[in-house]
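Taking it in order: structure first as C-alpha cells, then the write-up.
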Amino acid sequence: MKPTARYLPHARNRSRGGTPIAAAASLVGAAALVLSGCGTENDSGGAADGSVTLGFVNGANTNFHSCLLKAVEATAKTDGAKVYSANSKQDAGTELSNIEDMISRNVDALIVQTVNVDALEGDIAKAKAAGIPIFLTSVATDDMSDVLGVAKVDLKKVGAMDAGWIGTDAAGKDVKVGIVAGAPGAASDLLVGGFKAGLPANAKVVANQPGMFNPVKAQEVAENMIQANPDLDYAFVANEEMGFAVRKAFDAAGAEDVKIVTTNGTDEGLAAVKSGDFSATVANSAMTIGQTAVKNTIALLDKDKAVDKIANIPLLLVTKDNLSEAPQYCPK
C-alpha cells in the first residue's frame with residue numbers, strides 16, 4: 001500500500017519515474033478504454049475535476065453493468081472524484097489490459113468489476129506492483145490482504161435464495177429444474193453453485209447451460225432445454241435480461257407453466273414478478289454497489305476514516321407479496 005500522502009490533494013503533482021502526473025493522465029489508452037466524464041459527455045479530458053482519481057474497470061455491457069457505471073459516475077461526481085472507465089466485455093485479457101491503461105493514468109485507486117475471479121490474481125499483482133490499490137465490486141478474493149476493499153454481493157446466497165423459493169413452492173413434490181447460467185467464471189459460477197447447493201433433494205437439475213448473459217443466446221438455450229425437457233417445472237436464470245428471453249422461449253413452446261426465478265431487481269424485473277412472468281427475483285441493487293464502491297474507496301484511501309474493508313450489499317427475495325420493499329436498482 002502506498003503512503004497516505006499519495007491520496008491527498010497536495011500530492012497530485014507528484015511524478016512517478018520522472019513522468020509528471022498531468023502527462024500520465026493525458027496518455028491515450030488502448031481501444032478498449034472508454035473515458036467517462038462522470039456523466040459529462042463533452043468532457044474531452046475524460047473526467048470531472050476532483051481531488052481523487054479513480055479508474056473503474058467494468059466487466060460487461062449488461063443492464064447490471066450499465067447501472068453500475070451510472071452509479072459509479074454519479075457518486076464520484078457528488079463526492080468530487082475523477083473517474084476514468086473501461087469495459088472488459090467479458091474477456092479476462094481485456095480486463096488486464098484495461099488495468100494497465102488505468103495504471104498508466106496514475107489513478108489513485110482502481111475499482112474492478114471482474115469478468116472472472118481467476119483473473120483477479122494477475123490484476124491485483126499488476127496493480128500492486130504499480131502501487132495502486134484495487135477495490136472490488138460484487139466478488140471478493142479468498143485472500144484480501146492485497147485488496148483495498150470490496151462491495152460484496154454474496155452470490156452464492158443469491159442462488160440459494162432462489163433455490164429456497166423453489167423448495168417452498170414445490171412443497172416436497174418431485175420437480176425438474178433447468179439452469180440458464182451466465183458466462184462461465186466469476187458471478188455465474190457462484191450464482192449457480194449457490195443455487196444447486198440450496199435445492200432440496202426432491203428438485204432435480206435436468207439441464208444446465210450457459211446463456212452467456214446474452215438474451216439471444218439464452219433464448220436459444222431455453223428453446224433447446226424445453227424441447228429436451230417438456231415436463232420442466234422450474235428454471236433458474238442468472239439475470240433478468242436473459243430471464244425475459246427464456247420466458248419468451250418457454251411461452252412459444254407452450255410451456256407457460258414453467259416458473260422462472262432469477263436475480264437483479266430492475267424495474268422491468270419487478271414488473272415481471274407482478275405480472276407472473278417471473279415467480280421471484282433476488283434484488284441486489286447495482287446502484288447500491290456502485291455508490292458503496294466509490295464512497296468506501298475514497299474513505300479507505302483516507303487513513304483517518306473508519307470504514308469496513310468488506311461491505312456486504314443487502315439482498316432481498318422479491319415475490320408478489322413484497323414488491324414494495326425492493327430497493328432502487330439503477331440511478332435515474
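We label chains A, B, ... in the order they appear in the C-alpha cells, count residues from 1 in each chain, and number ligands from 1 in the order shown.
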Practice prompt. Just list the residues in range 87-245 of chain A DSSP gives strand (DSSP E or B) on the backbone, as a ChimeraX atom specification.
Written response: /A:87,109-112,134-138,149-152,175-181,203-210,234-237
Worksheet item: Just asking: which residues within range 28-190 of chain A are alpha helix (DSSP H) according to DSSP, as a PyMOL selection string?
Response: chain A and resi 63-78+92-104+120-129+155-170+186-190
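Among the candidates A:Val175, A:Val294, A:Ala326, A:Cys67, the residue lying nearest to Ala203 in chain A is A:Val175 (atoms considered: only C-alpha atoms).
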Practice prompt. Write out as a list in words each polymer residue whose atoms come within 12 Å of Gly164 in chain A, counting only C-alpha atoms; drop sequence neighbours fewer than 6 positions from it.
Written response: Lys157, Val158, Ala170, Ala171, Gly194, Phe195, Lys196, Ala197, Gly198, Leu199, Pro200, Ala201, Ala203, Phe236, Val261, Ala280, Thr281, Val282 and Leu317 of chain A
Output of the above residues as a compact mmCIF listing (two decimals), in the first residue's frame, restricted to N, CA and C atoms:
```txt
# COMPACT_ATOMS: atom_id res chain seq x y z
N LYS A 157 -25.36 -16.90 -1.92
CA LYS A 157 -26.60 -16.71 -1.19
C LYS A 157 -27.74 -16.32 -2.13
N VAL A 158 -27.43 -15.50 -3.15
CA VAL A 158 -28.44 -15.13 -4.14
C VAL A 158 -29.03 -16.39 -4.77
N ALA A 170 -42.40 -26.02 -4.28
CA ALA A 170 -42.57 -27.42 -4.68
C ALA A 170 -43.21 -28.25 -3.56
N ALA A 171 -43.02 -27.83 -2.33
CA ALA A 171 -43.67 -28.45 -1.17
C ALA A 171 -43.48 -29.97 -1.12
N GLY A 194 -24.36 -21.72 -5.68
CA GLY A 194 -25.24 -21.49 -4.54
C GLY A 194 -26.64 -22.02 -4.79
N PHE A 195 -27.11 -21.89 -6.03
CA PHE A 195 -28.44 -22.37 -6.38
C PHE A 195 -28.51 -23.89 -6.27
N LYS A 196 -27.57 -24.58 -6.86
CA LYS A 196 -27.59 -26.04 -6.83
C LYS A 196 -27.46 -26.56 -5.41
N ALA A 197 -26.60 -25.93 -4.62
CA ALA A 197 -26.42 -26.37 -3.23
C ALA A 197 -27.66 -26.13 -2.39
N GLY A 198 -28.47 -25.13 -2.77
CA GLY A 198 -29.65 -24.77 -1.99
C GLY A 198 -30.91 -25.53 -2.36
N LEU A 199 -30.88 -26.31 -3.44
CA LEU A 199 -32.06 -27.04 -3.86
C LEU A 199 -32.34 -28.22 -2.93
N PRO A 200 -33.60 -28.50 -2.68
CA PRO A 200 -33.94 -29.68 -1.88
C PRO A 200 -33.73 -30.96 -2.69
N ALA A 201 -33.71 -32.09 -2.02
CA ALA A 201 -33.46 -33.37 -2.68
C ALA A 201 -34.53 -33.72 -3.71
N ALA A 203 -35.82 -31.77 -5.86
CA ALA A 203 -35.67 -30.95 -7.06
C ALA A 203 -34.45 -31.43 -7.85
N PHE A 236 -33.99 -21.62 -13.30
CA PHE A 236 -33.19 -20.57 -12.65
C PHE A 236 -32.38 -19.89 -13.74
N VAL A 261 -37.22 -18.26 -11.78
CA VAL A 261 -36.62 -17.47 -10.70
C VAL A 261 -35.31 -16.90 -11.22
N ALA A 280 -40.05 -15.18 -8.91
CA ALA A 280 -39.27 -14.50 -7.88
C ALA A 280 -37.99 -13.96 -8.49
N THR A 281 -37.47 -12.91 -7.89
CA THR A 281 -36.16 -12.40 -8.26
C THR A 281 -35.46 -11.94 -6.99
N VAL A 282 -34.15 -12.05 -6.96
CA VAL A 282 -33.38 -11.59 -5.81
C VAL A 282 -32.82 -10.21 -6.14
N LEU A 317 -35.21 -11.37 -1.47
CA LEU A 317 -36.00 -12.21 -2.36
C LEU A 317 -37.35 -11.53 -2.58
```
Item to complete: Might you pull out every residue within 12 Å of Asn224 in chain A, with only C-alpha atoms counted and same-chain residues fewer than 6 positions away left off, and present them as a ChimeraX atom specification?
Response: /A:178,180,207-209,211,217-218,230,232,246,249-250,253
Residues at most 10 Å from Thr297 in chain A, counting only C-alpha atoms, excluding those fewer than 2 positions away in the same chain, as a compact mmCIF listing (two decimals) with C-alpha atoms, in the first residue's frame?
```txt
# COMPACT_ATOMS: atom_id res chain seq x y z
CA VAL A 52 -9.10 11.78 -6.02
CA LEU A 54 -10.40 6.59 -9.74
CA ASP A 108 -5.27 6.78 -7.00
CA ALA A 109 -7.24 3.53 -6.90
CA LEU A 110 -8.91 1.02 -9.20
CA ILE A 111 -12.49 -0.19 -8.84
CA PRO A 133 -4.81 -0.34 -4.65
CA ILE A 134 -7.79 -2.26 -6.04
CA PHE A 135 -11.34 -2.10 -4.70
CA LEU A 136 -13.57 -4.93 -5.90
CA LEU A 148 -8.22 -2.22 -0.57
CA GLY A 149 -11.81 -3.34 -0.02
CA VAL A 150 -14.92 -4.81 -1.61
CA ALA A 151 -18.61 -4.04 -2.09
CA GLN A 291 -22.36 4.01 -4.53
CA THR A 292 -20.71 1.84 -1.89
CA ALA A 293 -17.67 1.18 -4.08
CA VAL A 294 -16.90 4.85 -4.67
CA LYS A 295 -17.64 6.08 -1.16
CA ALA A 299 -12.82 6.63 2.64
CA LEU A 300 -10.31 3.75 2.73
CA LEU A 301 -7.73 5.89 0.94
CA ASP A 302 -8.06 8.32 3.84
CA VAL A 307 -14.78 2.10 7.03
CA LYS A 309 -12.98 -3.33 4.35
```
